[in-house]
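protein34.cif, holding mmCIF, C-alpha atoms:
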```cif
data_final
loop_
_atom_site.group_PDB
_atom_site.id
_atom_site.type_symbol
_atom_site.label_atom_id
_atom_site.label_comp_id
_atom_site.auth_asym_id
_atom_site.auth_seq_id
_atom_site.Cartn_x
_atom_site.Cartn_y
_atom_site.Cartn_z
ATOM 1 C CA MET A 1 -14.081 6.364 61.966
ATOM 2 C CA SER A 2 -13.420 2.763 62.979
ATOM 3 C CA GLU A 3 -9.987 1.261 63.536
ATOM 4 C CA LEU A 4 -8.617 -1.974 62.178
ATOM 5 C CA ARG A 5 -5.665 -3.051 64.328
ATOM 6 C CA VAL A 6 -3.825 -6.328 63.751
ATOM 7 C CA THR A 7 -0.493 -7.950 64.487
ATOM 8 C CA VAL A 8 1.152 -8.802 61.177
ATOM 9 C CA PRO A 9 1.128 -12.596 60.738
ATOM 10 C CA ALA A 10 3.862 -14.622 59.066
ATOM 11 C CA SER A 11 1.720 -14.910 55.933
ATOM 12 C CA LEU A 12 2.000 -11.147 55.387
ATOM 13 C CA ASP A 13 5.707 -10.821 56.139
ATOM 14 C CA GLY A 14 7.315 -8.872 53.290
ATOM 15 C CA VAL A 15 3.973 -7.923 51.711
ATOM 16 C CA ARG A 16 3.433 -4.301 50.636
ATOM 17 C CA VAL A 17 1.291 -2.371 53.067
ATOM 18 C CA ASP A 18 -1.242 -1.343 50.403
ATOM 19 C CA ARG A 19 -1.837 -4.958 49.398
ATOM 20 C CA ALA A 20 -2.167 -6.039 53.002
ATOM 21 C CA VAL A 21 -4.645 -3.298 53.876
ATOM 22 C CA ALA A 22 -6.736 -4.037 50.775
ATOM 23 C CA LEU A 23 -6.867 -7.695 51.819
ATOM 24 C CA LEU A 24 -7.519 -7.177 55.515
ATOM 25 C CA ALA A 25 -10.002 -4.314 55.214
ATOM 26 C CA ASP A 26 -11.667 -5.603 52.037
ATOM 27 C CA VAL A 27 -11.293 -2.267 50.230
ATOM 28 C CA SER A 28 -9.994 -1.356 46.786
ATOM 29 C CA ARG A 29 -6.357 -0.452 46.179
ATOM 30 C CA SER A 30 -7.461 3.046 45.133
ATOM 31 C CA ALA A 31 -9.201 3.409 48.504
ATOM 32 C CA VAL A 32 -5.998 2.305 50.243
ATOM 33 C CA ASP A 33 -4.060 4.979 48.330
ATOM 34 C CA GLY A 34 -6.460 7.542 49.751
ATOM 35 C CA LEU A 35 -6.066 6.203 53.286
ATOM 36 C CA VAL A 36 -2.255 6.389 53.034
ATOM 37 C CA THR A 37 -2.396 9.900 51.614
ATOM 38 C CA ALA A 38 -4.691 10.974 54.464
ATOM 39 C CA GLY A 39 -2.277 9.550 57.056
ATOM 40 C CA ARG A 40 -4.735 6.900 58.226
ATOM 41 C CA VAL A 41 -2.376 3.913 57.976
ATOM 42 C CA ALA A 42 0.282 3.311 60.632
ATOM 43 C CA ILE A 43 2.867 0.633 61.434
ATOM 44 C CA ASP A 44 3.880 0.418 65.090
ATOM 45 C CA ASP A 45 2.104 3.766 65.612
ATOM 46 C CA LYS A 46 4.187 5.500 62.926
ATOM 47 C CA VAL A 47 2.207 6.940 60.018
ATOM 48 C CA VAL A 48 2.944 5.234 56.699
ATOM 49 C CA THR A 49 3.991 7.656 53.952
ATOM 50 C CA SER A 50 4.616 5.155 51.157
ATOM 51 C CA ARG A 51 2.114 2.529 50.081
ATOM 52 C CA SER A 52 4.986 0.306 48.915
ATOM 53 C CA THR A 53 6.354 -0.077 52.471
ATOM 54 C CA SER A 54 6.895 -3.738 53.306
ATOM 55 C CA LEU A 55 5.418 -5.280 56.431
ATOM 56 C CA ARG A 56 7.316 -7.464 58.880
ATOM 57 C CA GLU A 57 5.906 -10.247 61.007
ATOM 58 C CA GLY A 58 5.030 -9.063 64.512
ATOM 59 C CA GLN A 59 4.518 -5.399 63.602
ATOM 60 C CA THR A 60 1.265 -3.711 64.557
ATOM 61 C CA LEU A 61 -0.722 -2.470 61.576
ATOM 62 C CA ALA A 62 -3.429 0.096 62.308
ATOM 63 C CA VAL A 63 -5.875 1.515 59.779
ATOM 64 C CA GLU A 64 -8.520 4.187 60.367
ATOM 65 C CA LEU A 65 -11.464 3.260 58.177
ATOM 66 C CA PRO A 66 -14.273 5.672 57.253
ATOM 67 C CA GLU A 67 -17.759 4.710 58.269
ATOM 68 C CA ASP A 68 -19.628 3.040 55.439
ATOM 69 C CA ASP A 69 -22.468 5.041 53.930
ATOM 70 C CA GLY A 70 -24.428 1.795 53.827
ATOM 71 C CA PRO A 71 -25.305 -0.793 51.162
ATOM 72 C CA ASP A 72 -27.090 1.778 48.988
ATOM 73 C CA GLY A 73 -24.048 4.040 48.702
ATOM 74 C CA PRO A 74 -23.830 7.760 49.497
ATOM 75 C CA VAL A 75 -26.859 9.490 50.970
ATOM 76 C CA GLY A 76 -28.132 12.458 48.967
ATOM 77 C CA ASP A 77 -27.225 15.916 50.225
ATOM 78 C CA PRO A 78 -29.420 18.675 48.745
ATOM 79 C CA SER A 79 -27.066 21.347 50.118
ATOM 80 C CA VAL A 80 -24.502 20.427 47.441
ATOM 81 C CA GLU A 81 -25.270 22.621 44.446
ATOM 82 C CA VAL A 82 -25.207 20.765 41.137
ATOM 83 C CA VAL A 83 -25.062 22.940 38.019
ATOM 84 C CA VAL A 84 -26.889 20.923 35.363
ATOM 85 C CA VAL A 85 -26.473 22.082 31.759
ATOM 86 C CA HIS A 86 -28.374 19.154 30.233
ATOM 87 C CA GLU A 87 -30.474 16.246 31.416
ATOM 88 C CA ASP A 88 -32.564 13.599 29.704
ATOM 89 C CA ALA A 89 -33.624 10.036 30.500
ATOM 90 C CA ASP A 90 -30.131 8.692 29.812
ATOM 91 C CA VAL A 91 -27.479 11.241 30.765
ATOM 92 C CA ILE A 92 -26.796 14.293 32.893
ATOM 93 C CA VAL A 93 -24.201 16.885 31.894
ATOM 94 C CA VAL A 94 -22.945 19.010 34.789
ATOM 95 C CA ASP A 95 -20.632 22.002 35.056
ATOM 96 C CA LYS A 96 -18.503 21.240 38.112
ATOM 97 C CA PRO A 97 -17.111 24.186 40.073
ATOM 98 C CA ALA A 98 -13.504 24.186 41.255
ATOM 99 C CA GLY A 99 -13.117 22.928 44.829
ATOM 100 C CA LEU A 100 -15.853 20.294 44.594
ATOM 101 C CA VAL A 101 -14.703 16.668 44.935
ATOM 102 C CA VAL A 102 -16.453 14.336 42.488
ATOM 103 C CA HIS A 103 -17.050 11.258 44.659
ATOM 104 C CA PRO A 104 -16.480 10.126 48.258
ATOM 105 C CA GLY A 105 -13.047 8.917 49.290
ATOM 106 C CA ALA A 106 -10.592 9.103 52.155
ATOM 107 C CA GLY A 107 -10.777 12.590 53.605
ATOM 108 C CA HIS A 108 -13.913 13.447 51.615
ATOM 109 C CA LEU A 109 -16.781 11.393 52.980
ATOM 110 C CA SER A 110 -19.498 14.000 52.453
ATOM 111 C CA GLY A 111 -20.309 17.088 50.427
ATOM 112 C CA THR A 112 -19.168 15.648 47.089
ATOM 113 C CA LEU A 113 -20.745 16.033 43.659
ATOM 114 C CA VAL A 114 -22.097 12.505 43.994
ATOM 115 C CA HIS A 115 -23.962 13.435 47.195
ATOM 116 C CA GLY A 116 -25.562 16.332 45.344
ATOM 117 C CA LEU A 117 -26.429 14.175 42.333
ATOM 118 C CA VAL A 118 -28.077 11.470 44.447
ATOM 119 C CA ALA A 119 -30.198 14.099 46.193
ATOM 120 C CA ARG A 120 -31.452 15.357 42.835
ATOM 121 C CA TYR A 121 -31.588 12.003 41.041
ATOM 122 C CA PRO A 122 -32.306 9.299 43.685
ATOM 123 C CA GLU A 123 -32.457 6.566 41.044
ATOM 124 C CA LEU A 124 -28.689 6.830 40.634
ATOM 125 C CA SER A 125 -28.233 4.917 43.897
ATOM 126 C CA ALA A 126 -29.305 1.673 42.235
ATOM 127 C CA LEU A 127 -26.983 2.024 39.245
ATOM 128 C CA PRO A 128 -23.694 0.690 40.714
ATOM 129 C CA ALA A 129 -25.263 -2.675 41.569
ATOM 130 C CA GLN A 130 -26.766 -2.881 38.082
ATOM 131 C CA VAL A 131 -23.483 -2.286 36.268
ATOM 132 C CA GLY A 132 -20.969 -3.737 38.737
ATOM 133 C CA ALA A 133 -19.475 -0.367 39.657
ATOM 134 C CA GLU A 134 -18.295 0.938 43.019
ATOM 135 C CA ALA A 135 -21.206 1.997 45.229
ATOM 136 C CA ASP A 136 -19.710 5.426 45.950
ATOM 137 C CA ARG A 137 -19.547 6.352 42.237
ATOM 138 C CA PRO A 138 -23.132 6.083 40.937
ATOM 139 C CA GLY A 139 -23.229 7.091 37.287
ATOM 140 C CA ILE A 140 -19.647 8.378 37.306
ATOM 141 C CA VAL A 141 -17.806 7.367 34.113
ATOM 142 C CA HIS A 142 -15.013 9.965 34.259
ATOM 143 C CA ARG A 143 -14.042 12.675 36.696
ATOM 144 C CA LEU A 144 -12.308 16.000 37.160
ATOM 145 C CA ASP A 145 -9.711 16.856 39.793
ATOM 146 C CA ARG A 146 -10.968 18.798 42.780
ATOM 147 C CA GLY A 147 -9.303 22.009 41.584
ATOM 148 C CA THR A 148 -10.486 21.659 37.984
ATOM 149 C CA SER A 149 -13.777 23.154 36.834
ATOM 150 C CA GLY A 150 -15.941 22.307 33.865
ATOM 151 C CA LEU A 151 -18.063 19.759 32.064
ATOM 152 C CA MET A 152 -18.696 16.138 33.042
ATOM 153 C CA VAL A 153 -21.236 13.591 31.836
ATOM 154 C CA VAL A 154 -23.014 11.265 34.280
ATOM 155 C CA ALA A 155 -24.940 8.128 33.237
ATOM 156 C CA ARG A 156 -28.517 7.622 34.466
ATOM 157 C CA THR A 157 -29.197 4.086 33.189
ATOM 158 C CA PRO A 158 -27.223 0.838 32.840
ATOM 159 C CA ASP A 159 -27.317 1.099 29.028
ATOM 160 C CA ALA A 160 -26.066 4.680 29.107
ATOM 161 C CA TYR A 161 -23.321 3.699 31.539
ATOM 162 C CA GLY A 162 -22.159 0.874 29.278
ATOM 163 C CA SER A 163 -22.239 3.102 26.197
ATOM 164 C CA LEU A 164 -20.250 5.929 27.772
ATOM 165 C CA VAL A 165 -17.639 3.590 29.277
ATOM 166 C CA ALA A 166 -17.215 1.946 25.862
ATOM 167 C CA GLN A 167 -16.901 5.329 24.144
ATOM 168 C CA LEU A 168 -14.285 6.459 26.644
ATOM 169 C CA SER A 169 -12.358 3.250 26.083
ATOM 170 C CA ALA A 170 -12.576 3.715 22.303
ATOM 171 C CA ARG A 171 -11.540 7.393 22.727
ATOM 172 C CA ALA A 172 -14.777 8.518 21.105
ATOM 173 C CA VAL A 173 -15.579 11.007 23.858
ATOM 174 C CA SER A 174 -14.098 14.428 23.088
ATOM 175 C CA ARG A 175 -12.856 16.359 26.144
ATOM 176 C CA THR A 176 -11.112 19.684 25.640
ATOM 177 C CA TYR A 177 -9.696 21.978 28.305
ATOM 178 C CA ARG A 178 -8.459 25.552 28.435
ATOM 179 C CA ALA A 179 -5.297 26.064 30.459
ATOM 180 C CA LEU A 180 -3.029 29.005 31.160
ATOM 181 C CA VAL A 181 0.562 27.809 31.389
ATOM 182 C CA LEU A 182 3.822 29.407 32.442
ATOM 183 C CA GLY A 183 6.273 30.444 29.737
ATOM 184 C CA THR A 184 5.981 30.937 25.988
ATOM 185 C CA VAL A 185 4.950 27.749 24.211
ATOM 186 C CA GLU A 186 6.869 27.321 20.958
ATOM 187 C CA GLY A 187 4.788 26.733 17.857
ATOM 188 C CA ASP A 188 1.031 26.933 17.525
ATOM 189 C CA SER A 189 0.224 23.301 18.303
ATOM 190 C CA GLY A 190 1.768 20.081 19.482
ATOM 191 C CA LEU A 191 1.316 16.571 20.817
ATOM 192 C CA VAL A 192 2.685 15.235 24.090
ATOM 193 C CA ASP A 193 2.972 11.443 23.881
ATOM 194 C CA ALA A 194 4.452 10.123 27.122
ATOM 195 C CA PRO A 195 3.316 7.367 29.511
ATOM 196 C CA ILE A 196 2.085 8.387 32.954
ATOM 197 C CA GLY A 197 2.395 6.449 36.201
ATOM 198 C CA ARG A 198 2.438 7.041 39.943
ATOM 199 C CA SER A 199 5.365 9.155 41.126
ATOM 200 C CA VAL A 200 7.983 7.129 42.997
ATOM 201 C CA SER A 201 8.979 10.056 45.205
ATOM 202 C CA SER A 202 5.466 11.292 45.976
ATOM 203 C CA PRO A 203 2.579 8.769 45.848
ATOM 204 C CA THR A 204 -0.053 11.529 45.633
ATOM 205 C CA ARG A 205 1.414 12.768 42.351
ATOM 206 C CA MET A 206 1.693 11.326 38.872
ATOM 207 C CA ALA A 207 4.783 11.474 36.658
ATOM 208 C CA ILE A 208 6.166 10.538 33.261
ATOM 209 C CA SER A 209 7.232 6.903 33.634
ATOM 210 C CA ARG A 210 8.404 4.203 31.264
ATOM 211 C CA LYS A 211 6.335 1.784 33.354
ATOM 212 C CA GLY A 212 3.250 4.014 33.167
ATOM 213 C CA LYS A 213 0.192 3.793 30.946
ATOM 214 C CA GLU A 214 0.179 5.353 27.501
ATOM 215 C CA ALA A 215 -1.011 8.944 27.492
ATOM 216 C CA ARG A 216 -1.410 11.506 24.705
ATOM 217 C CA THR A 217 -2.424 15.151 24.903
ATOM 218 C CA ARG A 218 -2.841 17.483 21.934
ATOM 219 C CA TYR A 219 -2.705 21.220 22.435
ATOM 220 C CA GLU A 220 -3.236 24.409 20.446
ATOM 221 C CA VAL A 221 -2.153 27.905 21.405
ATOM 222 C CA GLU A 222 -5.051 30.293 21.921
ATOM 223 C CA GLY A 223 -3.228 33.354 23.214
ATOM 224 C CA ARG A 224 0.146 34.616 24.404
ATOM 225 C CA TYR A 225 0.822 37.099 27.201
ATOM 226 C CA THR A 226 3.957 38.895 28.338
ATOM 227 C CA THR A 227 3.137 40.600 31.649
ATOM 228 C CA PRO A 228 3.606 40.210 34.521
ATOM 229 C CA ALA A 229 5.557 37.258 33.072
ATOM 230 C CA PRO A 230 5.345 35.187 29.873
ATOM 231 C CA THR A 231 2.306 32.893 29.841
ATOM 232 C CA THR A 232 0.377 31.010 27.147
ATOM 233 C CA LEU A 233 -3.314 30.135 26.941
ATOM 234 C CA VAL A 234 -3.779 26.712 25.347
ATOM 235 C CA ARG A 235 -6.568 24.351 24.440
ATOM 236 C CA ALA A 236 -5.651 20.799 25.407
ATOM 237 C CA SER A 237 -7.522 17.737 24.157
ATOM 238 C CA LEU A 238 -7.307 14.323 25.777
ATOM 239 C CA GLU A 239 -6.644 11.319 23.555
ATOM 240 C CA THR A 240 -6.379 9.207 26.697
ATOM 241 C CA GLY A 241 -7.670 9.848 30.200
ATOM 242 C CA ARG A 242 -4.982 9.373 32.844
ATOM 243 C CA THR A 243 -4.993 10.902 36.300
ATOM 244 C CA HIS A 244 -3.643 14.500 36.195
ATOM 245 C CA GLN A 245 -2.784 13.916 32.514
ATOM 246 C CA ILE A 246 -2.883 17.489 31.215
ATOM 247 C CA ARG A 247 -1.142 18.840 34.300
ATOM 248 C CA VAL A 248 1.655 16.265 34.063
ATOM 249 C CA HIS A 249 2.132 16.562 30.306
ATOM 250 C CA LEU A 250 2.240 20.354 30.215
ATOM 251 C CA SER A 251 4.652 20.388 33.127
ATOM 252 C CA ALA A 252 6.812 17.795 31.354
ATOM 253 C CA ILE A 253 7.318 20.089 28.342
ATOM 254 C CA GLY A 254 8.343 22.926 30.632
ATOM 255 C CA HIS A 255 5.011 24.754 30.807
ATOM 256 C CA PRO A 256 3.202 23.895 34.052
ATOM 257 C CA VAL A 257 -0.351 25.119 34.552
ATOM 258 C CA VAL A 258 -0.559 28.439 36.407
ATOM 259 C CA GLY A 259 -1.568 27.847 40.027
ATOM 260 C CA ASP A 260 -0.786 24.119 39.925
ATOM 261 C CA GLU A 261 1.576 23.896 42.878
ATOM 262 C CA PRO A 262 2.247 20.109 42.796
ATOM 263 C CA TYR A 263 3.487 20.260 39.212
ATOM 264 C CA SER A 264 4.813 23.821 39.035
ATOM 265 C CA GLN A 265 8.505 22.870 39.375
ATOM 266 C CA GLY A 266 8.794 25.672 41.924
ATOM 267 C CA ARG A 267 7.637 28.309 39.445
ATOM 268 C CA SER A 268 4.704 30.710 39.772
ATOM 269 C CA LEU A 269 3.100 33.697 38.108
ATOM 270 C CA PRO A 270 3.997 36.930 39.930
ATOM 271 C CA GLY A 271 0.912 38.543 41.421
ATOM 272 C CA ALA A 272 -1.354 35.684 40.370
ATOM 273 C CA THR A 273 -4.963 36.048 41.504
ATOM 274 C CA VAL A 274 -6.016 32.486 40.717
ATOM 275 C CA THR A 275 -5.793 30.215 43.770
ATOM 276 C CA ARG A 276 -6.171 26.876 41.998
ATOM 277 C CA PRO A 277 -4.897 25.359 38.755
ATOM 278 C CA PHE A 278 -5.961 27.435 35.752
ATOM 279 C CA LEU A 279 -7.605 24.432 34.111
ATOM 280 C CA HIS A 280 -11.188 24.294 32.839
ATOM 281 C CA ALA A 281 -12.984 21.495 30.975
ATOM 282 C CA TYR A 282 -14.703 23.747 28.473
ATOM 283 C CA ALA A 283 -15.890 21.368 25.721
ATOM 284 C CA LEU A 284 -17.473 17.907 25.864
ATOM 285 C CA ALA A 285 -18.878 15.756 23.057
ATOM 286 C CA PHE A 286 -20.017 12.144 22.696
ATOM 287 C CA ASP A 287 -22.494 9.942 20.863
ATOM 288 C CA HIS A 288 -25.821 9.937 22.706
ATOM 289 C CA PRO A 289 -26.306 6.436 24.181
ATOM 290 C CA THR A 290 -29.871 6.104 22.842
ATOM 291 C CA THR A 291 -30.107 8.170 19.665
ATOM 292 C CA GLY A 292 -26.530 7.785 18.461
ATOM 293 C CA GLU A 293 -26.515 11.492 17.632
ATOM 294 C CA ARG A 294 -23.290 13.376 18.276
ATOM 295 C CA VAL A 295 -24.043 15.833 21.081
ATOM 296 C CA SER A 296 -21.788 18.549 22.477
ATOM 297 C CA TRP A 297 -21.617 21.335 25.037
ATOM 298 C CA THR A 298 -19.249 24.158 25.932
ATOM 299 C CA SER A 299 -18.684 26.047 29.179
ATOM 300 C CA GLU A 300 -17.299 29.562 29.523
ATOM 301 C CA LEU A 301 -14.357 30.215 31.817
ATOM 302 C CA PRO A 302 -15.518 30.790 35.412
ATOM 303 C CA ASP A 303 -15.091 34.238 36.947
ATOM 304 C CA ASP A 304 -11.836 33.523 38.801
ATOM 305 C CA LEU A 305 -10.086 32.425 35.599
ATOM 306 C CA GLU A 306 -11.555 35.291 33.572
ATOM 307 C CA ARG A 307 -10.222 37.748 36.145
ATOM 308 C CA GLN A 308 -6.759 36.236 35.884
ATOM 309 C CA LEU A 309 -6.786 36.612 32.106
ATOM 310 C CA ALA A 310 -7.926 40.214 32.418
ATOM 311 C CA ASP A 311 -4.845 40.943 34.545
ATOM 312 C CA LEU A 312 -2.476 39.789 31.792
ATOM 313 C CA GLY A 313 -0.953 41.942 29.065
ATOM 314 C CA GLU A 314 -0.677 40.652 25.497
#
```

Show the structure stored in the file as structure tokens.
Amino acid sequence: MSELRVTVPASLDGVRVDRAVALLADVSRSAVDGLVTAGRVAIDDKVVTSRSTSLREGQTLAVELPEDDGPDGPVGDPSVEVVVVHEDADVIVVDKPAGLVVHPGAGHLSGTLVHGLVARYPELSALPAQVGAEADRPGIVHRLDRGTSGLMVVARTPDAYGSLVAQLSARAVSRTYRALVLGTVEGDSGLVDAPIGRSVSSPTRMAISRKGKEARTRYEVEGRYTTPAPTTLVRASLETGRTHQIRVHLSAIGHPVVGDEPYSQGRSLPGATVTRPFLHAYALAFDHPTTGERVSWTSELPDDLERQLADLGE
């Protein structure tokens, strides 16, 4: 770690701390969010808890910055296991395990999926410079939360990267999840259409917000269980791709994902064996960047989620 320590000048008086840090440290706003969340930003030696905190002239601003991996981005780490379900000259489809962070960020500078990918596919290191992407996200066009398992596609070439980003923007990439939620979901299907933005009370969480970005999630009921408490197994499909979208939307309709503490509204499943959100990206489909053919994959529930289902009574 290296420390940036400055006395706030008059030109930054009244400026939000996240904007000031992004300017002074020459890092992205998303990187600043991570630094604040990790407790690495302080004003007058007091840790900043809100990125919207305003600075005052004469205060001392201190920021702990992670060491840069270098101009070529993250160094490959062959110890990170990457489960590849498909690879060709254009794309890689991986089945990410729960607990694995997708790319480096504050608090996660090593041991990420990206480090494993670069070890196996060294050519990925050159991709960010070719497509104008962030160096620590080579080939990454979408991601899964740390606690979420399942399928992701990674681009191997500039053309594939451009195609997949365009398909995601046009909502032509199909991403479907299986989730076990608390309570009995009414009806057999539904659509949650509610904008999502950063939570005002907790900057590490997302929330339904009129000022947020549009977000739509469709769901279908796959199974219903009654013991040890009412739960419902659903298939949720993304029509947009916002941070924590499925978790936020299901919580908003009163059915938070089992094991998802940040969005559980204080509820839990008695005797639950799952220790992370019961959320798995089980189906992925898109148009192949080179052939144009519609390609698709599915992934079975991992063992920890299967065990939780086996403990339930229909």

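Using only C-alpha atoms, the protein and nucleic acid residues lying no more than 8 Å from stretch 293-309 of chain A, apart from those fewer than 4 places from it along its own chain, are Asp95, Ser149, Gly150, Leu151, Ala272, Thr273, Val274, Phe278, His280, Ala281, Tyr282, Ala283, Leu284, Ala285, Phe286, Asp287 and His288 of chain A.
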
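Those residues that approach A:Pro203 to within 10 Å, counting only C-alpha atoms, are Asp33, Gly34, Val36, Thr37, Thr49, Ser50, Arg51, Ser52, Gly197, Arg198, Ser199, Val200, Met206 and Ala207 of chain A; same-chain residues fewer than 3 positions away are not listed.
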
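Residues matched by the PyMOL selection byres ((chain A and resi 4) around 10) in this structure: Met1, Ser2, Glu3, Arg5, Val6, Val21, Leu24, Ala25, Val41, Leu61, Ala62, Val63, Glu64 and Leu65 of chain A.
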
> If the PyMOL selection byres ((chain A and resi 140) around 8) is run on the structure shown, which residues does it catch, given as a PyMOL selection string?
Replying inline: chain A and resi 137-139+141-143+153-155

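Between atom CA of A:Gly58 and atom CA of A:Thr7 the interatomic distance comes to 5.6 Å.
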
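Distance-wise, atom CA of A:Arg156 and atom CA of A:Gly292 end up 16.1 Å apart.
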
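Within the file as shown, the PyMOL selection byres ((chain A and resi 10) around 9) identifies A:Val8, A:Pro9, A:Ser11, A:Leu12, A:Asp13, A:Gly14, A:Arg56, A:Glu57, A:Gly58.
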
Just to be explicit: take each residue in the selection above, keep C-alpha atoms, and write the result as a PDB file, in the frame of the given file.
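Result file again_12.pdb:
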```
ATOM      1  CA  VAL A   8       1.152  -8.802  61.177  1.00  0.00           C
ATOM      2  CA  PRO A   9       1.128 -12.596  60.738  1.00  0.00           C
ATOM      3  CA  SER A  11       1.720 -14.910  55.933  1.00  0.00           C
ATOM      4  CA  LEU A  12       2.000 -11.147  55.387  1.00  0.00           C
ATOM      5  CA  ASP A  13       5.707 -10.821  56.139  1.00  0.00           C
ATOM      6  CA  GLY A  14       7.315  -8.872  53.290  1.00  0.00           C
ATOM      7  CA  ARG A  56       7.316  -7.464  58.880  1.00  0.00           C
ATOM      8  CA  GLU A  57       5.906 -10.247  61.007  1.00  0.00           C
ATOM      9  CA  GLY A  58       5.030  -9.063  64.512  1.00  0.00           C
TER      10      GLY A  58
END
```

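Considering the residues A:Arg242, A:His86, A:His115, A:Arg247 and counting only C-alpha atoms, A:Leu168 has its shortest atom-to-atom contact with A:Arg242.
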